[in-house]
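Below: input_31.cif (mmCIF, C-alpha atoms)
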```
data_query
loop_
_atom_site.label_atom_id
_atom_site.label_comp_id
_atom_site.auth_asym_id
_atom_site.auth_seq_id
_atom_site.Cartn_x
_atom_site.Cartn_y
_atom_site.Cartn_z
CA MET A 1 13.56 38.19 31.77
CA THR A 2 14.04 34.65 33.11
CA GLU A 3 16.40 32.13 31.52
CA SER A 4 13.45 30.18 30.19
CA GLU A 5 11.86 33.25 28.61
CA TYR A 6 15.21 34.19 27.11
CA ALA A 7 15.66 30.71 25.63
CA GLN A 8 12.08 30.69 24.34
CA ASN A 9 12.60 34.05 22.65
CA GLN A 10 15.78 32.79 21.00
CA LEU A 11 14.04 29.64 19.77
CA ARG A 12 11.09 31.68 18.50
CA ALA A 13 13.42 34.01 16.58
CA ILE A 14 15.23 31.00 15.07
CA ARG A 15 11.95 29.37 14.04
CA SER A 16 10.63 32.58 12.49
CA LEU A 17 13.83 33.08 10.49
CA MET A 18 13.79 29.46 9.32
CA GLU A 19 10.17 29.80 8.19
CA ARG A 20 11.04 32.96 6.24
CA ALA A 21 13.93 31.14 4.61
CA THR A 22 11.69 28.37 3.33
CA VAL A 23 9.17 30.56 1.46
CA TYR A 24 7.96 28.64 -1.59
CA ARG A 25 6.13 30.14 -4.56
CA SER A 26 3.92 27.34 -5.91
CA ILE A 27 2.65 29.51 -8.80
CA SER A 28 5.29 31.46 -10.69
CA ALA A 29 4.62 34.79 -12.39
CA PRO A 30 5.15 33.35 -15.92
CA THR A 31 2.62 30.61 -15.11
CA ALA A 32 0.14 33.23 -13.96
CA LEU A 33 0.68 35.08 -17.24
CA VAL A 34 0.11 31.90 -19.29
CA GLY A 35 -2.93 30.90 -17.20
CA GLY A 36 -4.36 34.41 -17.41
CA LEU A 37 -4.03 34.60 -21.18
CA LEU A 38 -5.44 31.08 -21.64
CA SER A 39 -8.43 32.04 -19.49
CA PHE A 40 -9.17 34.95 -21.79
CA GLY A 41 -8.75 32.49 -24.65
CA GLY A 42 -11.43 30.32 -23.02
CA PHE A 43 -13.77 33.28 -22.96
CA GLY A 44 -12.88 33.94 -26.61
CA MET A 45 -13.93 30.38 -27.50
CA ALA A 46 -17.25 30.77 -25.70
CA TYR A 47 -17.81 34.08 -27.48
CA PHE A 48 -16.94 32.50 -30.84
CA ALA A 49 -19.34 29.60 -30.22
CA LYS A 50 -22.22 31.93 -29.39
CA HIS A 51 -21.73 34.51 -32.14
CA ASN A 52 -20.04 32.65 -35.01
CA ARG A 53 -21.28 29.11 -34.53
CA ASN A 54 -24.72 30.44 -33.63
CA TYR A 55 -25.26 28.28 -30.56
CA PRO A 56 -23.49 28.60 -27.20
CA LEU A 57 -21.15 26.09 -25.62
CA THR A 58 -22.97 23.12 -24.12
CA PRO A 59 -22.14 22.30 -20.46
CA GLY A 60 -19.99 19.41 -21.72
CA GLU A 61 -18.06 21.66 -24.13
CA PHE A 62 -17.69 24.29 -21.39
CA LEU A 63 -16.15 21.65 -19.12
CA VAL A 64 -13.74 20.42 -21.81
CA VAL A 65 -12.58 23.97 -22.68
CA TRP A 66 -11.80 24.85 -19.06
CA LEU A 67 -10.22 21.49 -18.24
CA VAL A 68 -7.90 21.91 -21.23
CA ILE A 69 -6.98 25.39 -19.94
CA LEU A 70 -6.27 23.86 -16.50
CA ALA A 71 -4.12 21.11 -18.04
CA LEU A 72 -2.09 23.55 -20.17
CA THR A 73 -1.58 25.94 -17.26
CA SER A 74 -0.51 23.09 -14.95
CA LEU A 75 1.96 21.89 -17.57
CA ALA A 76 3.35 25.42 -17.95
CA ASN A 77 3.66 25.71 -14.15
CA LEU A 78 5.57 22.43 -13.99
CA ILE A 79 7.99 23.59 -16.69
CA PHE A 80 8.58 26.99 -15.03
CA LEU A 81 9.04 25.43 -11.58
CA TRP A 82 11.49 22.91 -13.05
CA ARG A 83 13.49 25.70 -14.72
CA GLY A 84 13.55 27.64 -11.45
CA ALA A 85 14.70 24.56 -9.53
CA VAL A 86 17.50 23.95 -12.05
CA HIS A 87 18.58 27.59 -11.75
CA ARG A 88 18.67 27.37 -7.93
CA ARG A 89 20.35 23.96 -8.17
CA GLU A 90 17.58 22.31 -6.20
CA PRO A 91 15.58 19.17 -7.00
CA LEU A 92 12.16 19.82 -8.60
CA PHE A 93 10.44 17.87 -5.84
CA SER A 94 12.08 19.88 -3.08
CA SER A 95 10.72 19.93 0.47
CA GLY A 96 8.96 23.20 -0.46
CA MET A 97 7.19 21.62 -3.43
CA LYS A 98 6.15 18.55 -1.44
CA CYS A 99 4.77 20.83 1.27
CA ALA A 100 2.89 22.88 -1.36
CA LEU A 101 1.42 19.77 -3.03
CA LEU A 102 0.23 18.38 0.30
CA SER A 103 -1.38 21.72 1.19
CA LEU A 104 -3.04 22.18 -2.22
CA ALA A 105 -4.28 18.59 -2.52
CA PRO A 106 -7.42 18.64 -0.29
CA ALA A 107 -9.07 21.59 -2.06
CA PHE A 108 -8.07 20.26 -5.50
CA ILE A 109 -9.45 16.79 -4.72
CA ILE A 110 -12.77 18.28 -3.58
CA ALA A 111 -12.86 20.37 -6.77
CA ALA A 112 -12.23 17.24 -8.89
CA VAL A 113 -14.97 15.25 -7.13
CA LEU A 114 -17.51 18.10 -7.40
CA THR A 115 -16.60 18.62 -11.06
CA CYS A 116 -17.64 14.99 -11.70
CA MET A 117 -20.93 15.48 -9.83
CA ILE A 118 -22.08 18.95 -10.90
CA HIS A 119 -23.04 19.79 -14.48
CA ARG A 120 -24.28 23.40 -14.24
CA PRO A 121 -21.53 25.74 -15.51
CA ILE A 122 -22.38 28.57 -13.09
CA GLN A 123 -22.12 26.30 -10.05
CA LEU A 124 -18.93 24.73 -11.34
CA GLY A 125 -17.36 28.12 -12.06
CA ILE A 126 -18.09 29.53 -8.61
CA LEU A 127 -16.89 26.34 -6.91
CA TRP A 128 -13.63 26.41 -8.87
CA ILE A 129 -13.03 30.06 -7.93
CA THR A 130 -13.74 29.46 -4.22
CA LEU A 131 -11.82 26.18 -3.93
CA TYR A 132 -8.84 27.58 -5.82
CA GLY A 133 -8.74 30.44 -3.31
CA LEU A 134 -8.92 27.92 -0.45
CA ALA A 135 -6.10 25.87 -2.00
CA LEU A 136 -3.85 28.94 -2.21
CA LEU A 137 -4.72 29.94 1.34
CA ALA A 138 -3.69 26.47 2.52
CA THR A 139 -0.10 27.38 1.52
CA GLN A 140 -0.08 30.64 3.48
CA HIS A 141 2.44 29.45 6.09
CA PHE A 142 5.21 29.27 3.53
CA ALA A 143 3.84 31.25 0.57
CA PRO A 144 5.00 34.77 -0.37
CA ARG A 145 2.65 37.63 0.45
CA SER A 146 1.48 38.15 -3.15
CA LEU A 147 0.27 34.55 -3.39
CA ILE A 148 -1.68 34.89 -0.12
CA VAL A 149 -3.33 38.06 -1.45
CA LEU A 150 -4.25 36.13 -4.62
CA GLY A 151 -5.78 33.35 -2.51
CA VAL A 152 -7.77 35.81 -0.39
CA THR A 153 -9.03 37.56 -3.54
CA PHE A 154 -10.20 34.31 -5.15
CA PHE A 155 -11.80 33.05 -1.94
CA PHE A 156 -13.83 36.18 -1.22
CA THR A 157 -14.78 36.64 -4.87
CA GLY A 158 -16.13 33.07 -4.83
CA CYS A 159 -18.06 33.71 -1.62
CA ILE A 160 -19.56 36.94 -2.99
CA LEU A 161 -20.49 35.24 -6.28
CA MET A 162 -22.20 32.40 -4.39
CA ALA A 163 -24.44 34.88 -2.65
CA THR A 164 -25.10 37.24 -5.54
CA TRP A 165 -24.91 35.44 -8.89
CA LYS A 166 -28.70 35.05 -9.15
CA HIS A 167 -29.14 38.81 -8.84
CA PHE A 168 -26.46 39.84 -11.31
CA PHE A 169 -26.03 37.07 -13.86
CA MET A 170 -29.41 35.36 -14.19
CA PRO A 171 -31.01 36.18 -17.55
CA PRO A 172 -34.77 36.78 -17.36
CA GLY A 173 -36.85 33.70 -18.13
CA GLN A 174 -33.94 31.24 -18.00
CA LEU A 175 -32.77 28.75 -15.38
CA ASP A 176 -29.03 29.44 -15.63
CA PRO A 177 -26.61 32.01 -17.02
CA SER A 178 -25.17 30.89 -20.35
CA ALA A 179 -21.74 29.30 -20.73
CA LEU A 180 -20.61 32.61 -22.25
CA VAL A 181 -21.49 34.53 -19.07
CA VAL A 182 -19.80 31.92 -16.86
CA SER A 183 -16.74 31.94 -19.13
CA GLY A 184 -16.69 35.72 -18.72
CA ILE A 185 -16.69 35.33 -14.93
CA LEU A 186 -13.85 32.78 -15.15
CA ALA A 187 -11.89 35.01 -17.53
CA ALA A 188 -12.29 37.98 -15.15
CA THR A 189 -11.10 35.93 -12.17
CA PHE A 190 -8.67 33.28 -13.43
CA GLY A 191 -7.61 35.62 -16.24
CA GLY A 192 -7.69 39.06 -14.65
CA PHE A 193 -6.50 38.11 -11.17
CA HIS A 194 -3.61 36.03 -12.50
CA LEU A 195 -2.47 38.79 -14.86
CA ALA A 196 -2.61 41.28 -11.97
CA TYR A 197 -0.64 38.83 -9.80
CA ALA A 198 2.04 38.36 -12.48
CA ALA A 199 2.31 42.12 -12.95
CA ALA A 200 2.63 42.66 -9.18
CA VAL A 201 5.32 39.99 -8.82
CA TRP A 202 7.34 41.49 -11.67
CA ALA A 203 6.79 45.07 -10.54
CA LEU A 204 7.87 44.28 -6.97
CA GLY A 205 10.82 42.20 -8.20
CA GLU A 206 9.66 39.28 -6.04
CA ASP A 207 10.65 36.74 -8.67
CA ARG A 208 14.26 37.87 -8.91
CA PRO A 209 16.81 36.30 -6.57
CA ALA A 210 18.94 38.91 -4.79
CA HIS A 211 22.13 37.64 -6.44
CA ASN A 212 20.76 38.75 -9.82
CA ARG A 213 19.93 42.22 -8.53
CA ASP A 214 23.18 43.31 -6.88
CA ARG A 215 26.83 42.85 -7.47
CA GLU A 216 28.84 40.92 -4.95
CA PRO A 217 31.61 42.68 -3.06
CA GLN A 218 35.15 41.32 -3.20
CA PRO A 219 36.92 39.74 -1.40
CA HIS A 220 34.67 37.48 0.70
CA VAL A 221 36.18 35.16 3.26
CA MET B 1 21.02 28.36 37.80
CA PHE B 2 21.71 27.50 34.16
CA ASP B 3 25.30 27.48 32.93
CA PHE B 4 25.38 30.00 30.06
CA ASP B 5 28.91 28.89 29.18
CA ARG B 6 27.36 25.84 27.55
CA LEU B 7 26.03 28.09 24.78
CA ASP B 8 28.46 28.30 21.87
CA LYS B 9 29.67 31.92 22.06
CA LEU B 10 30.51 32.03 18.36
CA ILE B 11 26.95 31.13 17.34
CA HIS B 12 25.30 33.06 20.17
CA GLU B 13 26.06 36.45 18.63
CA LYS B 14 22.85 37.76 16.99
CA GLY B 15 24.17 38.21 13.44
CA ARG B 16 26.02 34.91 13.34
CA LEU B 17 23.04 33.07 14.82
CA ALA B 18 20.87 34.48 12.01
CA ILE B 19 23.41 33.35 9.39
CA MET B 20 23.64 29.85 10.91
CA THR B 21 19.82 29.64 11.03
CA LEU B 22 19.43 30.51 7.36
CA LEU B 23 22.17 28.10 6.31
CA ALA B 24 20.57 25.35 8.42
CA ALA B 25 17.17 25.98 6.82
CA ARG B 26 18.42 25.77 3.24
CA SER B 27 21.83 24.96 1.83
CA GLY B 28 23.74 26.90 -0.80
CA TRP B 29 22.91 30.55 -0.08
CA PRO B 30 24.43 33.11 -2.48
CA PHE B 31 26.08 36.04 -0.68
CA GLN B 32 23.57 38.58 -2.00
CA ASP B 33 20.60 36.48 -0.90
CA LEU B 34 22.01 36.24 2.62
CA LYS B 35 22.61 39.99 2.62
CA ALA B 36 19.08 40.73 1.39
CA GLU B 37 17.46 38.36 3.88
CA LEU B 38 19.45 39.58 6.89
CA LYS B 39 19.60 43.26 5.86
CA MET B 40 23.28 43.44 6.86
CA SER B 41 25.99 45.60 5.34
CA ASP B 42 28.58 43.88 3.14
CA GLY B 43 31.34 44.43 5.69
CA ASN B 44 29.31 43.13 8.61
CA LEU B 45 28.18 40.02 6.76
CA ILE B 46 31.69 39.31 5.46
CA SER B 47 33.23 39.58 8.94
CA HIS B 48 30.62 37.20 10.43
CA LEU B 49 31.07 34.72 7.58
CA ARG B 50 34.83 34.92 8.01
CA ALA B 51 34.53 34.10 11.73
CA LEU B 52 32.22 31.16 11.03
CA HIS B 53 34.47 29.93 8.23
CA GLN B 54 37.57 30.10 10.45
CA ALA B 55 35.75 28.04 13.08
CA GLY B 56 34.98 25.43 10.40
CA TYR B 57 31.21 25.98 10.63
CA VAL B 58 30.70 27.39 7.13
CA ALA B 59 32.08 26.39 3.74
CA TYR B 60 31.84 28.35 0.52
CA ARG B 61 32.30 27.82 -3.18
CA LYS B 62 32.72 30.31 -5.95
CA GLU B 63 30.85 29.85 -9.20
CA ILE B 64 29.94 31.77 -12.31
CA LEU B 65 26.35 31.73 -13.54
CA THR B 66 25.36 35.01 -15.16
CA ARG B 67 28.04 36.69 -12.99
CA PRO B 68 30.53 35.49 -10.34
CA GLN B 69 28.96 34.63 -7.02
CA THR B 70 29.82 32.83 -3.81
CA ARG B 71 27.54 30.25 -2.23
CA TYR B 72 27.70 29.45 1.46
CA GLU B 73 26.60 26.33 3.32
CA LEU B 74 26.99 24.71 6.72
CA THR B 75 29.71 22.13 7.18
CA GLU B 76 28.97 18.96 9.13
CA LYS B 77 30.77 20.52 12.10
CA GLY B 78 28.65 23.67 11.76
CA ARG B 79 25.41 21.69 11.57
CA LYS B 80 26.31 19.74 14.71
CA ALA B 81 27.28 22.95 16.53
CA PHE B 82 23.96 24.55 15.55
CA GLN B 83 21.97 21.49 16.66
CA ASN B 84 23.88 21.46 19.93
CA TYR B 85 23.07 25.16 20.40
CA LEU B 86 19.37 24.41 19.92
CA HIS B 87 19.54 21.49 22.39
CA VAL B 88 21.10 23.75 25.01
CA LEU B 89 18.32 26.32 24.54
CA GLU B 90 15.68 23.56 24.82
CA GLU B 91 17.33 22.33 28.01
CA MET B 92 17.14 25.86 29.40
CA VAL B 93 13.39 25.89 28.76
CA ARG B 94 12.92 22.38 30.20
CA SER B 95 15.09 22.96 33.28
CA THR B 96 12.96 25.88 34.46
CA LYS B 97 9.70 24.04 33.78
CA THR B 98 10.62 20.99 35.91
#
```
Can I see the file as structure tokens?
Amino acid sequence: MTESEYAQNQLRAIRSLMERATVYRSISAPTALVGGLLSFGGFGMAYFAKHNRNYPLTPGEFLVVWLVILALTSLANLIFLWRGAVHRREPLFSSGMKCALLSLAPAFIIAAVLTCMIHRPIQLGILWITLYGLALLATQHFAPRSLIVLGVTFFFTGCILMATWKHFFMPPGQLDPSALVVSGILAATFGGFHLAYAAAVWALGEDRPAHNRDREPQPHV
Amino acid sequence: MFDFDRLDKLIHEKGRLAIMTLLAARSGWPFQDLKAELKMSDGNLISHLRALHQAGYVAYRKEILTRPQTRYELTEKGRKAFQNYLHVLEEMVRSTKT
């Protein structure tokens, strides 16, 4: 091995270790739990509207319900991230958070613009699923493995739904699936996937810092 | 021929280089987090931290959150030594390319 190759290997090892040390989880497990449960709540509202109110959610009502769920989940995420930052004695807007926001922003901005332009619930739902997956994948260089898996799952589910929704979810004689069906799809993805993610993070102990898992030996230095 | 003596021998050791790298990436590492990240034994990690502390590269503070723990961070001297180590490696790469 030449000197240059040796130095390059050393620098590569240092870079890789530094990247591992700056892993940032932009969506905490408690947030995923809250978001998952709220998503099922959204489906519950659509179900209530159809069966108790006797007419389904209008596209406008559908949009309001899911935007409220997004707002509540985002607020919960902010609170949990803030608590985590306080516990680690880091600022909330750490370099990791700034990096995550910059990575998430493009897909979220596209989603916001398309939400203003598109009024069909089925198209909106599938776009949200796909773009959310893309947003999570944009953080893959510093995200933990479970979050990357979540992003991949959302992205491919969105792609599959784009290609197949007319075959599986189109009621005969109608132009679009009802808001109830779309809410069911969103509950299965935003609800089910997030609950599975939260369970995986807790089961694997990914959310616990090592200093809460083991005792420290004495004396140190 | 490159002069390897320019590389800081204290940092150049694999375990200590890994510790310095983690501390340079993020400040205030609890002992158990360092241990988990580097997969080192307690004794090994303690002896490396002791060497770095004696050289003035690493500082520590003890605190009690849910249980007593020790947090480690680079001192200004340690950060400069680590940056210098990186510059020497970069020079090694550059010198063979030119």
| request: Using only C-alpha atoms, determine which residues lie at most 12 Å from Arg6 (chain B), disregarding the query and same-chain residues fewer than 3 positions distant; provide the list as a list in words. | output: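 Result of the neighbour search: Phe2, Asp3, Lys9, Leu10, Ile11, His12, Ala81, Asn84, Tyr85, Leu86, His87, Val88, Leu89, Glu91 and Met92 of chain B.
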| Separation of CA of Arg25 (chain A) from CA of Leu102 (chain A) in Å | 14.0 Å
| request: Rank A:Arg89, A:Pro144, A:Phe48, A:Leu134 by their smallest atom-to-atom distance to Arg71 (chain B), using all atoms listed in the file, and report the top residue only. | output: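 With all atoms listed in the file as the atom set, the closest residue is A:Arg89.
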| field | Residue list for chain B near chain A as a VMD selection string, 8 Å, all atoms listed in the file | value | chain B and resid 2 18 21 to 22 24 to 26 30 to 33 36 42 46 to 47 49 to 50 53 66 68 to 69 86 89 to 90 92 to 94 96
| request: Report the residues retrieved by the PyMOL selection byres ((chain A and resi 137) around 9) from the displayed file, expressed as a PyMOL selection string. | output: chain A and resi 103-104+132-136+138-141+143+147-152+155
| task | Would you please work out which residue, of B:Lys35, B:Glu63, B:Gly56, B:Asp5, is nearest to Gly78 (chain B) when using all atoms listed in the file? | result |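 Smallest distance to Gly78 (chain B) is found for B:Gly56.
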| query | What lies within 10 Å of region 58-60 of chain A using all atoms listed in the file, ignoring chain neighbours under 4 positions off, as a PyMOL selection string? | reply | chain A and resi 46+49+64-65+119-122+124+178-180
Selection to disk with C-alpha atoms, as a CSV table (one decimal), keeping the file's coordinate frame:
```csv
chain,number,residue,atom,x,y,z
A,46,ALA,CA,-17.2,30.8,-25.7
A,49,ALA,CA,-19.3,29.6,-30.2
A,64,VAL,CA,-13.7,20.4,-21.8
A,65,VAL,CA,-12.6,24.0,-22.7
A,119,HIS,CA,-23.0,19.8,-14.5
A,120,ARG,CA,-24.3,23.4,-14.2
A,121,PRO,CA,-21.5,25.7,-15.5
A,122,ILE,CA,-22.4,28.6,-13.1
A,124,LEU,CA,-18.9,24.7,-11.3
A,178,SER,CA,-25.2,30.9,-20.4
A,179,ALA,CA,-21.7,29.3,-20.7
A,180,LEU,CA,-20.6,32.6,-22.2
```
| task | To one decimal in Å, tell me the separation between CA of Leu33 (chain A) and CA of Gly28 (chain B). | result |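 For CA of Leu33 (chain A) relative to CA of Gly28 (chain B), the distance reads 29.5 Å.
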| message | So the first atom is CA of Glu13 (chain B) and the second is CA of Trp29 (chain B); what is the distance between them in Å, to one decimal place? | response | 19.9 Å
| message | I'd like the contact shell of Ala59 (chain B) - 7 Å cut-off, all atoms listed in the file, skipping same-chain residues fewer than 3 positions apart - returned as a list of chain:residue names. | response |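 Selected residues are B:His53, B:Tyr72, B:Glu73, B:Leu74, B:Thr75.
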| task | Decode the PyMOL selection byres ((chain A and resi 45) around 12) for the given file into explicit residues and return them as a VMD selection string. | result | chain A and resid 38 to 44 46 to 53 55 to 57 61 to 62 64 to 66 69 179 to 180 183 to 184 187
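Selection result for the displayed file, with the PyMOL selection byres ((chain A and resi 165-172) around 12) as criterion, is Ile122, Gln123, Gly125, Ile126, Thr157, Gly158, Cys159, Ile160, Leu161, Met162, Ala163, Thr164, Gly173, Gln174, Leu175, Asp176, Pro177, Ser178, Ala179, Leu180, Val181, Val182, Ser183, Gly184 and Ile185 of chain A.
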| Polymer residues at most 9 Å from region 194-203 of chain A, only C-alpha atoms, same-chain spacing of 5 or more positions, as a VMD selection string | chain A and resid 28 to 37 146 to 147 149 to 150 189 208
| said: Counting all atoms listed in the file, which residue out of B:Lys77, B:Leu7, B:Arg67, B:Lys39 sits closest to Gln54 (chain B)? | reply: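 With all atoms listed in the file as the atom set, the closest residue is B:Lys77.
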| task | Pick out the closest residue to Met40 (chain B) from this set: B:Met20, B:Thr70, B:Gly15, B:Phe4. Count all atoms listed in the file. | result |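 Result for the nearest residue to Met40 (chain B): B:Gly15.
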